[in-house]
Amino acid sequence: MGSESEKGREEEEEEDIVCLDESFFVNDDYQLTTFTFGSNVLELYCLQSASTDFDLTGQLVWPGAMLMNRYLSDNADILQGCSVLEFGSGVGITGVLCSKFCRKVVFTDHNDEVLKILKKNIELHEHSSPSAELEAAKLEWGNTDHLGEILQKHCDGFDLILGADICFQQSSVPLLFDSVEQLLRIRGHGNCKFILAYVSRARQMDSAIMKEGSQHGMLMNEVPGTRCTVGNLEGVIFEITLK
Ligand SMILES: C[S@@+](CC[C@H](N)C(=O)[O-])C[C@H]1O[C@@H](n2cnc3c(N)ncnc32)[C@H](O)[C@@H]1O
């Protein structure tokens, strides 16, 4: 049996325990927002500023998505009739643009909260692209079970793999390239490419993506004329294929 003073201490400690469930950190005050890329006007639900949780980056539209969507909108012929898988879709602004031109778009993300708003945005656009097959799937980079489930359904792979502003955490880059390589190898050389809208935030990351590409047997081609300033940062489009 504890002494009176021990009991008192325990009671004080209990009073100190702060109970916050994860919803405390999640801002889900999404606003319907209009984005224009050339002649393509898209409306999507997104946040205007970030939640406090670092992992909720996908609730916002990032500069890399602006770069990617401008590039795709100016070069929509590369999307025409294609099947696409997008990595780290966030609210889905890139996949939604693709749905105007592609026959199939598989939007992916690893975060359950992000997947909720992504699905809502897909529903919002389903009726305006009735001929395109649209789907959201959970995919954590490097998770072979997640990718395996997607490939069970889409066993021919995809014509295009897309990623907008998804290289910002160095530890996840090798895993991202593992999954990209797996998808590129289904189609083999020349039949599938990975379009990466890269935004440079750190020199280390600039060299990490080139190193990963090379270690995964890929050619990293900078698309001429795409290097530009996006949101005060330097961005560029890479077209990545197997060597
Ligand atoms: C910076 S946001 C970019 C979102 C969107 N592509 C854009 O440009 O607006 C990065 C996205 O990648 C997702 N993500 C981050 N790490 C991931 C991982 N290891 N596996 C899968 N998705 C990841 C995040 O949930 C988020 O949606």
# chains A, B, ... in the order shown; residues from 1 in each chain; ligands from 1
$ residues_around --residues "Met68 in chain A" --least-positions-apart "6" --cutoff "9 Å" --atoms "only C-alpha atoms" --output "list of chain:residue names"
A:Thr94, A:Leu162, A:Gly163, A:Ala164, A:Asp165, A:Ile195, A:Leu196, A:Ala197, A:Tyr198, A:Val236, A:Ile237
$ write_last_selection --atoms "N, CA and C atoms" --output "short mmCIF file (atom, residue, chain, number, x, y, z; two decimals), in the first residue's frame"
data_model
loop_
_atom_site.label_atom_id
_atom_site.label_comp_id
_atom_site.auth_asym_id
_atom_site.auth_seq_id
_atom_site.Cartn_x
_atom_site.Cartn_y
_atom_site.Cartn_z
N THR A 94 -3.48 16.95 -59.72
CA THR A 94 -2.84 16.49 -60.95
C THR A 94 -3.67 15.38 -61.60
N LEU A 162 3.12 9.45 -62.48
CA LEU A 162 3.31 10.87 -62.20
C LEU A 162 3.63 11.11 -60.73
N GLY A 163 4.39 12.15 -60.48
CA GLY A 163 4.67 12.55 -59.10
C GLY A 163 4.92 14.05 -59.05
N ALA A 164 4.11 14.78 -58.29
CA ALA A 164 4.28 16.24 -58.17
C ALA A 164 4.67 16.58 -56.74
N ASP A 165 5.85 17.19 -56.60
CA ASP A 165 6.32 17.65 -55.29
C ASP A 165 6.35 16.55 -54.24
N ILE A 195 6.93 10.84 -64.91
CA ILE A 195 7.10 12.29 -65.00
C ILE A 195 7.10 12.84 -63.58
N LEU A 196 8.22 13.46 -63.22
CA LEU A 196 8.39 14.00 -61.87
C LEU A 196 8.49 15.52 -61.94
N ALA A 197 7.55 16.20 -61.25
CA ALA A 197 7.66 17.66 -61.12
C ALA A 197 8.42 17.90 -59.83
N TYR A 198 9.70 18.24 -59.99
CA TYR A 198 10.60 18.33 -58.84
C TYR A 198 10.79 19.78 -58.41
N VAL A 236 11.52 21.95 -61.79
CA VAL A 236 11.87 21.40 -63.11
C VAL A 236 11.10 20.10 -63.32
N ILE A 237 10.83 19.79 -64.58
CA ILE A 237 10.18 18.52 -64.91
C ILE A 237 11.25 17.53 -65.38
#
$ residues_around --residues "range 199-209 of chain A" --least-positions-apart "2" --cutoff "8 Å" --atoms "only C-alpha atoms" --output "ChimeraX atom specification"
/A:63-64,165,167-168,170,173,197,211-213,230,233-236
$ write_last_selection --atoms "all heavy atoms" --output "compact mmCIF listing (two decimals), in the first residue's frame"
# COMPACT_ATOMS: atom_id res chain seq x y z
N PRO A 63 3.57 23.74 -54.78
CA PRO A 63 4.11 24.37 -56.00
C PRO A 63 4.41 23.36 -57.11
O PRO A 63 4.23 23.65 -58.30
CB PRO A 63 5.40 25.04 -55.52
CG PRO A 63 5.24 25.21 -54.05
CD PRO A 63 4.31 24.14 -53.57
N GLY A 64 4.86 22.16 -56.71
CA GLY A 64 5.17 21.15 -57.73
C GLY A 64 3.95 20.74 -58.53
O GLY A 64 4.06 20.38 -59.71
N ASP A 165 5.85 17.19 -56.60
CA ASP A 165 6.32 17.65 -55.29
C ASP A 165 6.35 16.55 -54.24
O ASP A 165 5.87 16.74 -53.11
CB ASP A 165 5.45 18.83 -54.80
CG ASP A 165 6.31 19.96 -54.26
OD1 ASP A 165 7.41 19.67 -53.74
OD2 ASP A 165 5.89 21.13 -54.34
N CYS A 167 9.27 14.75 -53.51
CA CYS A 167 10.62 14.51 -52.99
C CYS A 167 10.96 15.63 -52.01
O CYS A 167 11.50 16.68 -52.40
CB CYS A 167 11.64 14.47 -54.12
SG CYS A 167 11.35 13.14 -55.28
N PHE A 168 10.61 15.44 -50.74
CA PHE A 168 10.90 16.47 -49.75
C PHE A 168 11.44 15.86 -48.47
O PHE A 168 11.88 16.55 -47.58
CB PHE A 168 9.65 17.32 -49.45
CG PHE A 168 8.47 16.50 -48.99
CD1 PHE A 168 8.21 16.35 -47.63
CD2 PHE A 168 7.68 15.84 -49.90
CE1 PHE A 168 7.16 15.57 -47.20
CE2 PHE A 168 6.61 15.05 -49.47
CZ PHE A 168 6.35 14.91 -48.14
N GLN A 170 14.17 12.99 -47.31
CA GLN A 170 15.22 12.17 -47.92
C GLN A 170 15.05 10.67 -47.66
O GLN A 170 15.29 9.86 -48.55
CB GLN A 170 16.59 12.63 -47.45
CG GLN A 170 17.65 12.28 -48.48
CD GLN A 170 18.90 13.11 -48.33
OE1 GLN A 170 18.87 14.18 -47.73
NE2 GLN A 170 20.00 12.62 -48.86
N VAL A 173 12.90 8.76 -50.29
CA VAL A 173 13.23 8.78 -51.72
C VAL A 173 13.64 7.39 -52.26
O VAL A 173 13.14 6.97 -53.31
CB VAL A 173 14.30 9.87 -52.02
CG1 VAL A 173 14.82 9.77 -53.44
CG2 VAL A 173 13.69 11.25 -51.80
N ALA A 197 7.55 16.20 -61.25
CA ALA A 197 7.66 17.66 -61.12
C ALA A 197 8.42 17.90 -59.83
O ALA A 197 7.88 17.72 -58.74
CB ALA A 197 6.28 18.30 -61.07
N LYS A 211 21.03 10.29 -57.74
CA LYS A 211 21.70 9.05 -57.31
C LYS A 211 20.71 7.88 -57.31
O LYS A 211 21.01 6.80 -57.83
CB LYS A 211 22.29 9.27 -55.91
CG LYS A 211 23.08 8.10 -55.40
CD LYS A 211 23.69 8.40 -54.04
CE LYS A 211 23.51 7.22 -53.12
NZ LYS A 211 22.87 7.47 -51.86
N GLU A 212 19.52 8.11 -56.77
CA GLU A 212 18.53 7.03 -56.71
C GLU A 212 18.14 6.59 -58.12
O GLU A 212 18.02 5.40 -58.39
CB GLU A 212 17.26 7.48 -55.96
CG GLU A 212 17.42 7.50 -54.46
CD GLU A 212 17.88 6.18 -53.86
OE1 GLU A 212 17.49 5.11 -54.34
OE2 GLU A 212 18.64 6.25 -52.89
N GLY A 213 17.93 7.57 -59.00
CA GLY A 213 17.57 7.25 -60.38
C GLY A 213 18.62 6.34 -60.99
O GLY A 213 18.31 5.28 -61.56
N VAL A 230 8.87 28.40 -59.07
CA VAL A 230 7.50 28.12 -58.59
C VAL A 230 7.47 28.37 -57.09
O VAL A 230 8.25 27.78 -56.35
CB VAL A 230 7.04 26.65 -58.86
CG1 VAL A 230 6.43 26.48 -60.21
CG2 VAL A 230 8.14 25.64 -58.61
N LEU A 233 10.68 29.02 -55.39
CA LEU A 233 11.67 27.94 -55.43
C LEU A 233 11.93 27.57 -56.89
O LEU A 233 11.16 27.95 -57.77
CB LEU A 233 11.13 26.71 -54.68
CG LEU A 233 10.88 26.91 -53.18
CD1 LEU A 233 9.98 25.82 -52.63
CD2 LEU A 233 12.21 26.94 -52.43
N GLU A 234 13.02 26.81 -57.10
CA GLU A 234 13.28 26.38 -58.47
C GLU A 234 12.64 25.02 -58.71
O GLU A 234 12.80 24.10 -57.90
CB GLU A 234 14.79 26.29 -58.73
CG GLU A 234 15.08 26.07 -60.20
CD GLU A 234 16.55 26.15 -60.53
OE1 GLU A 234 17.30 25.25 -60.08
OE2 GLU A 234 16.95 27.07 -61.24
N GLY A 235 11.90 24.93 -59.81
CA GLY A 235 11.26 23.66 -60.14
C GLY A 235 11.68 23.22 -61.53
O GLY A 235 12.14 24.02 -62.35
N VAL A 236 11.52 21.95 -61.79
CA VAL A 236 11.87 21.40 -63.11
C VAL A 236 11.10 20.10 -63.32
O VAL A 236 10.75 19.41 -62.36
CB VAL A 236 13.41 21.19 -63.21
CG1 VAL A 236 13.89 20.12 -62.25
CG2 VAL A 236 13.83 20.85 -64.63
$ closest_atom_pairs --of "chain A" --to "ligand 1" --cutoff "7 Å" --atoms "only C-alpha atoms and all ligand atoms" --output "JSON lines"
{"residue": "A:Asp55", "atom": "CA", "partner": "ligand 1", "partner_atom_place_in_ligand_line": "25 (O)", "distance": 6.2}
{"residue": "A:Leu56", "atom": "CA", "partner": "ligand 1", "partner_atom_place_in_ligand_line": "25 (O)", "distance": 5.9}
{"residue": "A:Thr57", "atom": "CA", "partner": "ligand 1", "partner_atom_place_in_ligand_line": "2 (S)", "distance": 4.7}
{"residue": "A:Gly58", "atom": "CA", "partner": "ligand 1", "partner_atom_place_in_ligand_line": "27 (O)", "distance": 3.1}
{"residue": "A:Gln59", "atom": "CA", "partner": "ligand 1", "partner_atom_place_in_ligand_line": "27 (O)", "distance": 6.8}
{"residue": "A:Leu60", "atom": "CA", "partner": "ligand 1", "partner_atom_place_in_ligand_line": "9 (O)", "distance": 5.8}
{"residue": "A:Val61", "atom": "CA", "partner": "ligand 1", "partner_atom_place_in_ligand_line": "9 (O)", "distance": 3.6}
{"residue": "A:Trp62", "atom": "CA", "partner": "ligand 1", "partner_atom_place_in_ligand_line": "9 (O)", "distance": 3.8}
{"residue": "A:Pro63", "atom": "CA", "partner": "ligand 1", "partner_atom_place_in_ligand_line": "8 (O)", "distance": 6.3}
{"residue": "A:Gly64", "atom": "CA", "partner": "ligand 1", "partner_atom_place_in_ligand_line": "8 (O)", "distance": 4.9}
{"residue": "A:Ala65", "atom": "CA", "partner": "ligand 1", "partner_atom_place_in_ligand_line": "8 (O)", "distance": 3.8}
{"residue": "A:Phe87", "atom": "CA", "partner": "ligand 1", "partner_atom_place_in_ligand_line": "22 (N)", "distance": 6.5}
{"residue": "A:Gly88", "atom": "CA", "partner": "ligand 1", "partner_atom_place_in_ligand_line": "12 (O)", "distance": 3.5}
{"residue": "A:Ser89", "atom": "CA", "partner": "ligand 1", "partner_atom_place_in_ligand_line": "6 (N)", "distance": 4.4}
{"residue": "A:Gly90", "atom": "CA", "partner": "ligand 1", "partner_atom_place_in_ligand_line": "27 (O)", "distance": 3.4}
{"residue": "A:Val91", "atom": "CA", "partner": "ligand 1", "partner_atom_place_in_ligand_line": "5 (C)", "distance": 6.6}
{"residue": "A:Gly92", "atom": "CA", "partner": "ligand 1", "partner_atom_place_in_ligand_line": "5 (C)", "distance": 6.8}
{"residue": "A:Ile93", "atom": "CA", "partner": "ligand 1", "partner_atom_place_in_ligand_line": "9 (O)", "distance": 6.7}
{"residue": "A:Asp109", "atom": "CA", "partner": "ligand 1", "partner_atom_place_in_ligand_line": "22 (N)", "distance": 4.4}
{"residue": "A:His110", "atom": "CA", "partner": "ligand 1", "partner_atom_place_in_ligand_line": "21 (C)", "distance": 4.2}
{"residue": "A:Asn111", "atom": "CA", "partner": "ligand 1", "partner_atom_place_in_ligand_line": "25 (O)", "distance": 5.0}
{"residue": "A:Val114", "atom": "CA", "partner": "ligand 1", "partner_atom_place_in_ligand_line": "25 (O)", "distance": 6.3}
{"residue": "A:Leu139", "atom": "CA", "partner": "ligand 1", "partner_atom_place_in_ligand_line": "21 (C)", "distance": 5.5}
{"residue": "A:Glu140", "atom": "CA", "partner": "ligand 1", "partner_atom_place_in_ligand_line": "20 (N)", "distance": 3.5}
{"residue": "A:Trp141", "atom": "CA", "partner": "ligand 1", "partner_atom_place_in_ligand_line": "20 (N)", "distance": 4.1}
{"residue": "A:Gly163", "atom": "CA", "partner": "ligand 1", "partner_atom_place_in_ligand_line": "6 (N)", "distance": 6.3}
{"residue": "A:Ala164", "atom": "CA", "partner": "ligand 1", "partner_atom_place_in_ligand_line": "6 (N)", "distance": 4.3}
{"residue": "A:Asp165", "atom": "CA", "partner": "ligand 1", "partner_atom_place_in_ligand_line": "8 (O)", "distance": 4.6}
{"residue": "A:Ile166", "atom": "CA", "partner": "ligand 1", "partner_atom_place_in_ligand_line": "10 (C)", "distance": 4.7}
{"residue": "A:Phe168", "atom": "CA", "partner": "ligand 1", "partner_atom_place_in_ligand_line": "1 (C)", "distance": 7.0}
{"residue": "A:Ser172", "atom": "CA", "partner": "ligand 1", "partner_atom_place_in_ligand_line": "19 (N)", "distance": 5.5}
$ closest_residue --among "A:Arg70, A:His216, A:His127, A:His146" --to "Asn40 in chain A" --atoms "only C-alpha atoms"
A:Arg70
$ select_by_dssp --residues "range 15-114 of chain A" --states "helix (DSSP H, G or I)" --output "PyMOL selection string"
chain A and resi 15-16+22-25+54-59+63-74+76-78+93-99+112-114
$ write_last_selection --atoms "N, CA and C atoms" --output "short mmCIF file (atom, residue, chain, number, x, y, z; two decimals), in the first residue's frame"
data_model
loop_
_atom_site.label_atom_id
_atom_site.label_comp_id
_atom_site.auth_asym_id
_atom_site.auth_seq_id
_atom_site.Cartn_x
_atom_site.Cartn_y
_atom_site.Cartn_z
N GLU A 15 -3.28 14.58 -12.91
CA GLU A 15 -3.82 15.87 -13.34
C GLU A 15 -3.02 16.43 -14.51
N ASP A 16 -1.73 16.05 -14.58
CA ASP A 16 -0.85 16.56 -15.64
C ASP A 16 -1.09 15.91 -16.99
N GLU A 22 -6.07 12.50 -32.13
CA GLU A 22 -5.35 13.04 -33.30
C GLU A 22 -6.14 14.12 -34.03
N SER A 23 -7.50 14.15 -33.82
CA SER A 23 -8.30 15.16 -34.52
C SER A 23 -7.91 16.58 -34.10
N PHE A 24 -7.26 16.71 -32.91
CA PHE A 24 -6.83 18.02 -32.44
C PHE A 24 -5.84 18.65 -33.43
N PHE A 25 -5.03 17.80 -34.08
CA PHE A 25 -3.97 18.30 -34.96
C PHE A 25 -4.45 18.45 -36.41
N PHE A 54 2.95 17.24 -39.58
CA PHE A 54 3.84 17.25 -40.74
C PHE A 54 3.38 16.28 -41.83
N ASP A 55 2.77 15.16 -41.37
CA ASP A 55 2.39 14.12 -42.32
C ASP A 55 1.18 14.52 -43.16
N LEU A 56 0.56 15.65 -42.85
CA LEU A 56 -0.64 16.06 -43.58
C LEU A 56 -0.34 17.05 -44.70
N THR A 57 0.86 16.95 -45.26
CA THR A 57 1.25 17.84 -46.37
C THR A 57 0.25 17.75 -47.52
N GLY A 58 -0.38 16.60 -47.67
CA GLY A 58 -1.26 16.36 -48.82
C GLY A 58 -2.58 17.11 -48.79
N GLN A 59 -2.86 17.84 -47.72
CA GLN A 59 -4.13 18.59 -47.69
C GLN A 59 -4.08 19.89 -48.49
N PRO A 63 3.57 23.74 -54.78
CA PRO A 63 4.11 24.37 -56.00
C PRO A 63 4.41 23.36 -57.11
N GLY A 64 4.86 22.16 -56.71
CA GLY A 64 5.17 21.15 -57.73
C GLY A 64 3.95 20.74 -58.53
N ALA A 65 2.78 20.78 -57.90
CA ALA A 65 1.55 20.43 -58.62
C ALA A 65 1.21 21.54 -59.63
N MET A 66 1.50 22.79 -59.27
CA MET A 66 1.26 23.90 -60.19
C MET A 66 2.17 23.73 -61.42
N LEU A 67 3.44 23.38 -61.15
CA LEU A 67 4.40 23.16 -62.24
C LEU A 67 3.95 21.99 -63.12
N MET A 68 3.62 20.88 -62.47
CA MET A 68 3.19 19.68 -63.22
C MET A 68 1.95 19.98 -64.07
N ASN A 69 0.96 20.63 -63.46
CA ASN A 69 -0.31 20.83 -64.17
C ASN A 69 -0.14 21.81 -65.33
N ARG A 70 0.73 22.82 -65.16
CA ARG A 70 0.99 23.73 -66.29
C ARG A 70 1.64 22.95 -67.42
N TYR A 71 2.60 22.10 -67.07
CA TYR A 71 3.30 21.31 -68.09
C TYR A 71 2.34 20.36 -68.81
N LEU A 72 1.51 19.66 -68.02
CA LEU A 72 0.58 18.69 -68.64
C LEU A 72 -0.49 19.41 -69.46
N SER A 73 -0.94 20.55 -68.98
CA SER A 73 -1.96 21.29 -69.70
C SER A 73 -1.41 21.79 -71.04
N ASP A 74 -0.14 22.20 -71.06
CA ASP A 74 0.50 22.66 -72.32
C ASP A 74 0.85 21.48 -73.23
N ALA A 76 -0.96 18.31 -73.42
CA ALA A 76 -2.01 17.34 -73.10
C ALA A 76 -1.99 16.13 -74.03
N ASP A 77 -1.32 16.26 -75.18
CA ASP A 77 -1.24 15.12 -76.11
C ASP A 77 -0.57 13.91 -75.44
N ILE A 78 0.35 14.15 -74.48
CA ILE A 78 1.01 13.00 -73.84
C ILE A 78 0.07 12.22 -72.92
N ILE A 93 -5.08 17.21 -57.39
CA ILE A 93 -5.18 18.21 -58.47
C ILE A 93 -4.55 17.73 -59.79
N THR A 94 -3.48 16.95 -59.72
CA THR A 94 -2.84 16.49 -60.95
C THR A 94 -3.67 15.38 -61.60
N GLY A 95 -4.10 14.42 -60.80
CA GLY A 95 -4.92 13.33 -61.35
C GLY A 95 -6.22 13.84 -61.94
N VAL A 96 -6.79 14.86 -61.30
CA VAL A 96 -8.07 15.41 -61.81
C VAL A 96 -7.84 16.05 -63.18
N LEU A 97 -6.75 16.75 -63.34
CA LEU A 97 -6.45 17.30 -64.68
C LEU A 97 -6.29 16.15 -65.69
N CYS A 98 -5.58 15.11 -65.28
CA CYS A 98 -5.37 13.95 -66.17
C CYS A 98 -6.70 13.31 -66.58
N SER A 99 -7.68 13.33 -65.67
CA SER A 99 -8.95 12.65 -65.94
C SER A 99 -9.68 13.27 -67.14
N ASP A 112 -4.31 8.37 -44.47
CA ASP A 112 -5.76 8.10 -44.47
C ASP A 112 -6.59 9.38 -44.49
N GLU A 113 -6.12 10.39 -43.78
CA GLU A 113 -6.85 11.67 -43.75
C GLU A 113 -6.82 12.31 -45.15
N VAL A 114 -5.68 12.23 -45.80
CA VAL A 114 -5.53 12.77 -47.16
C VAL A 114 -6.39 11.96 -48.14
#
$ residues_around --residues "Asn121 in chain A" --least-positions-apart "4" --cutoff "10 Å" --atoms "only C-alpha atoms" --output "MDAnalysis selection string"
chainID A and resid 32 43:46 91:93 96 115:117 125:126
$ write_last_selection --atoms "N, CA, C and O atoms" --output "PDB file, in the first residue's frame"
ATOM      1  N   LEU A  32     -13.640  24.969 -51.311  1.00  0.00           N
ATOM      2  CA  LEU A  32     -13.676  24.725 -52.750  1.00  0.00           C
ATOM      3  C   LEU A  32     -12.893  25.856 -53.413  1.00  0.00           C
ATOM      4  O   LEU A  32     -13.197  27.030 -53.237  1.00  0.00           O
ATOM      5  N   GLU A  43     -11.966  22.793 -60.113  1.00  0.00           N
ATOM      6  CA  GLU A  43     -12.407  23.158 -58.760  1.00  0.00           C
ATOM      7  C   GLU A  43     -12.160  21.982 -57.838  1.00  0.00           C
ATOM      8  O   GLU A  43     -12.559  20.848 -58.154  1.00  0.00           O
ATOM      9  N   LEU A  44     -11.504  22.235 -56.719  1.00  0.00           N
ATOM     10  CA  LEU A  44     -11.202  21.161 -55.773  1.00  0.00           C
ATOM     11  C   LEU A  44     -11.290  21.666 -54.347  1.00  0.00           C
ATOM     12  O   LEU A  44     -11.032  22.845 -54.085  1.00  0.00           O
ATOM     13  N   TYR A  45     -11.580  20.726 -53.434  1.00  0.00           N
ATOM     14  CA  TYR A  45     -11.517  21.049 -52.018  1.00  0.00           C
ATOM     15  C   TYR A  45     -10.067  20.907 -51.558  1.00  0.00           C
ATOM     16  O   TYR A  45      -9.417  19.893 -51.849  1.00  0.00           O
ATOM     17  N   CYS A  46      -9.561  21.947 -50.882  1.00  0.00           N
ATOM     18  CA  CYS A  46      -8.219  21.852 -50.297  1.00  0.00           C
ATOM     19  C   CYS A  46      -8.125  22.842 -49.148  1.00  0.00           C
ATOM     20  O   CYS A  46      -8.995  23.704 -48.996  1.00  0.00           O
ATOM     21  N   VAL A  91      -4.541  16.228 -52.557  1.00  0.00           N
ATOM     22  CA  VAL A  91      -5.969  16.470 -52.826  1.00  0.00           C
ATOM     23  C   VAL A  91      -6.369  16.033 -54.238  1.00  0.00           C
ATOM     24  O   VAL A  91      -7.547  16.049 -54.578  1.00  0.00           O
ATOM     25  N   GLY A  92      -5.376  15.712 -55.064  1.00  0.00           N
ATOM     26  CA  GLY A  92      -5.696  15.103 -56.363  1.00  0.00           C
ATOM     27  C   GLY A  92      -5.703  16.048 -57.550  1.00  0.00           C
ATOM     28  O   GLY A  92      -6.199  15.690 -58.625  1.00  0.00           O
ATOM     29  N   ILE A  93      -5.075  17.209 -57.394  1.00  0.00           N
ATOM     30  CA  ILE A  93      -5.183  18.211 -58.472  1.00  0.00           C
ATOM     31  C   ILE A  93      -4.551  17.734 -59.793  1.00  0.00           C
ATOM     32  O   ILE A  93      -5.067  18.033 -60.872  1.00  0.00           O
ATOM     33  N   VAL A  96      -6.795  14.862 -61.296  1.00  0.00           N
ATOM     34  CA  VAL A  96      -8.066  15.410 -61.808  1.00  0.00           C
ATOM     35  C   VAL A  96      -7.841  16.047 -63.182  1.00  0.00           C
ATOM     36  O   VAL A  96      -8.647  15.862 -64.102  1.00  0.00           O
ATOM     37  N   LEU A 115      -6.425  10.650 -47.944  1.00  0.00           N
ATOM     38  CA  LEU A 115      -7.246   9.813 -48.838  1.00  0.00           C
ATOM     39  C   LEU A 115      -8.723  10.204 -48.767  1.00  0.00           C
ATOM     40  O   LEU A 115      -9.442  10.124 -49.755  1.00  0.00           O
ATOM     41  N   LYS A 116      -9.178  10.677 -47.586  1.00  0.00           N
ATOM     42  CA  LYS A 116     -10.593  11.078 -47.450  1.00  0.00           C
ATOM     43  C   LYS A 116     -10.910  12.251 -48.365  1.00  0.00           C
ATOM     44  O   LYS A 116     -11.891  12.239 -49.091  1.00  0.00           O
ATOM     45  N   ILE A 117     -10.071  13.287 -48.328  1.00  0.00           N
ATOM     46  CA  ILE A 117     -10.364  14.478 -49.141  1.00  0.00           C
ATOM     47  C   ILE A 117     -10.089  14.182 -50.627  1.00  0.00           C
ATOM     48  O   ILE A 117     -10.774  14.689 -51.515  1.00  0.00           O
ATOM     49  N   HIS A 125     -15.516  15.137 -59.425  1.00  0.00           N
ATOM     50  CA  HIS A 125     -15.154  15.222 -60.842  1.00  0.00           C
ATOM     51  C   HIS A 125     -15.598  14.030 -61.680  1.00  0.00           C
ATOM     52  O   HIS A 125     -15.511  14.087 -62.908  1.00  0.00           O
ATOM     53  N   GLU A 126     -16.083  12.984 -61.017  1.00  0.00           N
ATOM     54  CA  GLU A 126     -16.432  11.757 -61.740  1.00  0.00           C
ATOM     55  C   GLU A 126     -17.423  12.022 -62.872  1.00  0.00           C
ATOM     56  O   GLU A 126     -17.244  11.518 -63.984  1.00  0.00           O
TER      57      GLU A 126
END
$ closest_residue --among "A:Glu181, A:Pro130, A:Gly38, A:Lys193" --to "Cys82 in chain A" --atoms "only C-alpha atoms"
A:Lys193
$ residues_around --residues "range 187-189 of chain A" --least-positions-apart "2" --cutoff "8 Å" --atoms "only C-alpha atoms" --output "VMD selection string"
chain A and resid 156 to 158 183 to 185 191 to 192 241 to 243
$ atom_distance --atom1 "CA of Arg103 in chain A" --atom2 "CA of Ser128 in chain A"
13.1 Å
$ closest_residue --among "A:Cys155, A:Ile161, A:Ile17, A:Leu118" --to "Leu85 in chain A" --atoms "only C-alpha atoms"
A:Ile161
$ closest_residue --among "A:Ile186, A:Leu124, A:Ala132, A:Val180" --to "Lys104 in chain A" --atoms "only C-alpha atoms"
A:Ala132
$ select_by_dssp --residues "range 34-163 of chain A" --states "strand (DSSP E or B)" --output "number ranges by chain"
A: 34-37, 40-46, 83-87, 104-109, 133-138, 160-163
